[in-house]
Amino acid sequence: MGTQSRESALSFYALSYGVWGLASLALWERKVENRQVFIRCFFTCLVILSALFYLPLNPIAFLLAYLSRQDLAPLVLFGWQWPAPYIHFTFHLMLGGSGYALQRWALQRESRSWAR
């Protein structure tokens with residue numbers, strides 16, 4: 001894996017997980033302690049659950065396997081085989097998209113409360 005693709009992978013993870021930081025900021029703008037606790041618990045649970053259920057979802061395990069050029073086991077659901085990279089990137093795109101949707105909802109809720 002070249003330097004360019006490593007940087008793009010790290011940028012992808014920064015975007016996927018960073019949008020959740022923005023969402024928590026929009027939800028708990030004035031409650032710093034609640035926001036910090038939520039985001040830490042969310043990411044800790046996400047990493048542990050992804051390692052328990054399907055290891056290629058875990059970004060650390062995926063990158064280590066990719067860098068050591070190991071083939072990851074495909075996910076088999078209802079007789080269909082899904083390649084590990086496809087599942088991994090689809091999961092992270094969905095995670096980033098849901099964080100973005102939550103942030104947009106929180107900002108709209110905040111703007112409606114200011115309009116009153």
# chains A, B, ... in the order shown; residues from 1 in each chain; ligands from 1
$ select_by_dssp --residues "segment 34-108 of chain A" --states "strand (DSSP E)" --output "PyMOL selection string"
chain A and resi 75-77+80-82
$ write_last_selection --atoms "C-alpha atoms" --output "tab-separated table (two decimals), in the first residue's frame"
chain	number	residue	atom	x	y	z
A	75	LEU	CA	-19.43	-12.03	4.98
A	76	VAL	CA	-22.02	-14.66	4.12
A	77	LEU	CA	-25.64	-13.58	4.53
A	80	TRP	CA	-24.72	-14.43	-0.61
A	81	GLN	CA	-21.02	-13.79	-0.21
A	82	TRP	CA	-19.96	-10.17	0.28
$ residues_around --residues "Leu15 of chain A" --least-positions-apart "6" --cutoff "10 Å" --atoms "only C-alpha atoms" --output "PyMOL selection string"
chain A and resi 9+21+92-93+96
$ write_last_selection --atoms "N, CA and C atoms" --output "PDB file, in the first residue's frame"
ATOM      1  N   ALA A   9      -6.889   6.591   2.851  1.00  0.00           N
ATOM      2  CA  ALA A   9      -7.632   5.753   3.792  1.00  0.00           C
ATOM      3  C   ALA A   9      -7.802   6.470   5.122  1.00  0.00           C
ATOM      4  N   GLY A  21     -18.438  13.662  15.431  1.00  0.00           N
ATOM      5  CA  GLY A  21     -18.044  14.720  16.356  1.00  0.00           C
ATOM      6  C   GLY A  21     -18.844  15.991  16.105  1.00  0.00           C
ATOM      7  N   HIS A  92     -18.773   1.978   6.642  1.00  0.00           N
ATOM      8  CA  HIS A  92     -18.254   3.290   7.023  1.00  0.00           C
ATOM      9  C   HIS A  92     -18.924   4.435   6.256  1.00  0.00           C
ATOM     10  N   LEU A  93     -19.331   4.188   5.032  1.00  0.00           N
ATOM     11  CA  LEU A  93     -20.104   5.198   4.311  1.00  0.00           C
ATOM     12  C   LEU A  93     -21.474   5.400   4.954  1.00  0.00           C
ATOM     13  N   GLY A  96     -20.901   7.320   8.245  1.00  0.00           N
ATOM     14  CA  GLY A  96     -20.703   8.735   7.978  1.00  0.00           C
ATOM     15  C   GLY A  96     -21.983   9.421   7.525  1.00  0.00           C
TER      16      GLY A  96
END
$ atom_distance --atom1 "atom CA of Phe91 of chain A" --atom2 "atom CA of Asp71 of chain A"
18.3 Å
$ atom_distance --atom1 "atom CA of Tyr54 of chain A" --atom2 "atom CA of Pro74 of chain A"
9.6 Å
$ select_by_dssp --residues "chain A" --states "helix (DSSP H, G or I)" --output "ChimeraX atom specification"
/A:3-27,32-53,55-57,59-67,84-115
$ atom_distance --atom1 "atom CA of Leu52 of chain A" --atom2 "atom CA of Gln103 of chain A"
27.8 Å
$ closest_residue --among "A:Leu10, A:Ala101, A:Cys45, A:Ala65" --to "Ser24 of chain A" --atoms "only C-alpha atoms"
A:Ala101
$ residues_around --residues "Ala106 of chain A" --least-positions-apart "3" --cutoff "9 Å" --atoms "only C-alpha atoms" --output "PyMOL selection string"
chain A and resi 23-24+26-27+101-103+109-111
$ residues_around --residues "Tyr100 of chain A" --least-positions-apart "3" --cutoff "9 Å" --atoms "only C-alpha atoms" --output "PyMOL selection string"
chain A and resi 19-20+22-23+95-97+103-105
$ closest_residue --among "A:Phe12, A:Trp28, A:Tyr17, A:Tyr66" --to "Phe43 of chain A" --atoms "only C-alpha atoms"
A:Tyr17
$ closest_residue --among "A:Ile87, A:Leu107, A:Ala73, A:Leu25" --to "Pro59 of chain A" --atoms "only C-alpha atoms"
A:Ile87
$ residues_around --residues "Met94 of chain A" --least-positions-apart "5" --cutoff "9 Å" --atoms "only C-alpha atoms" --output "list in words"
Ser16, Phe89 and Gly99 of chain A
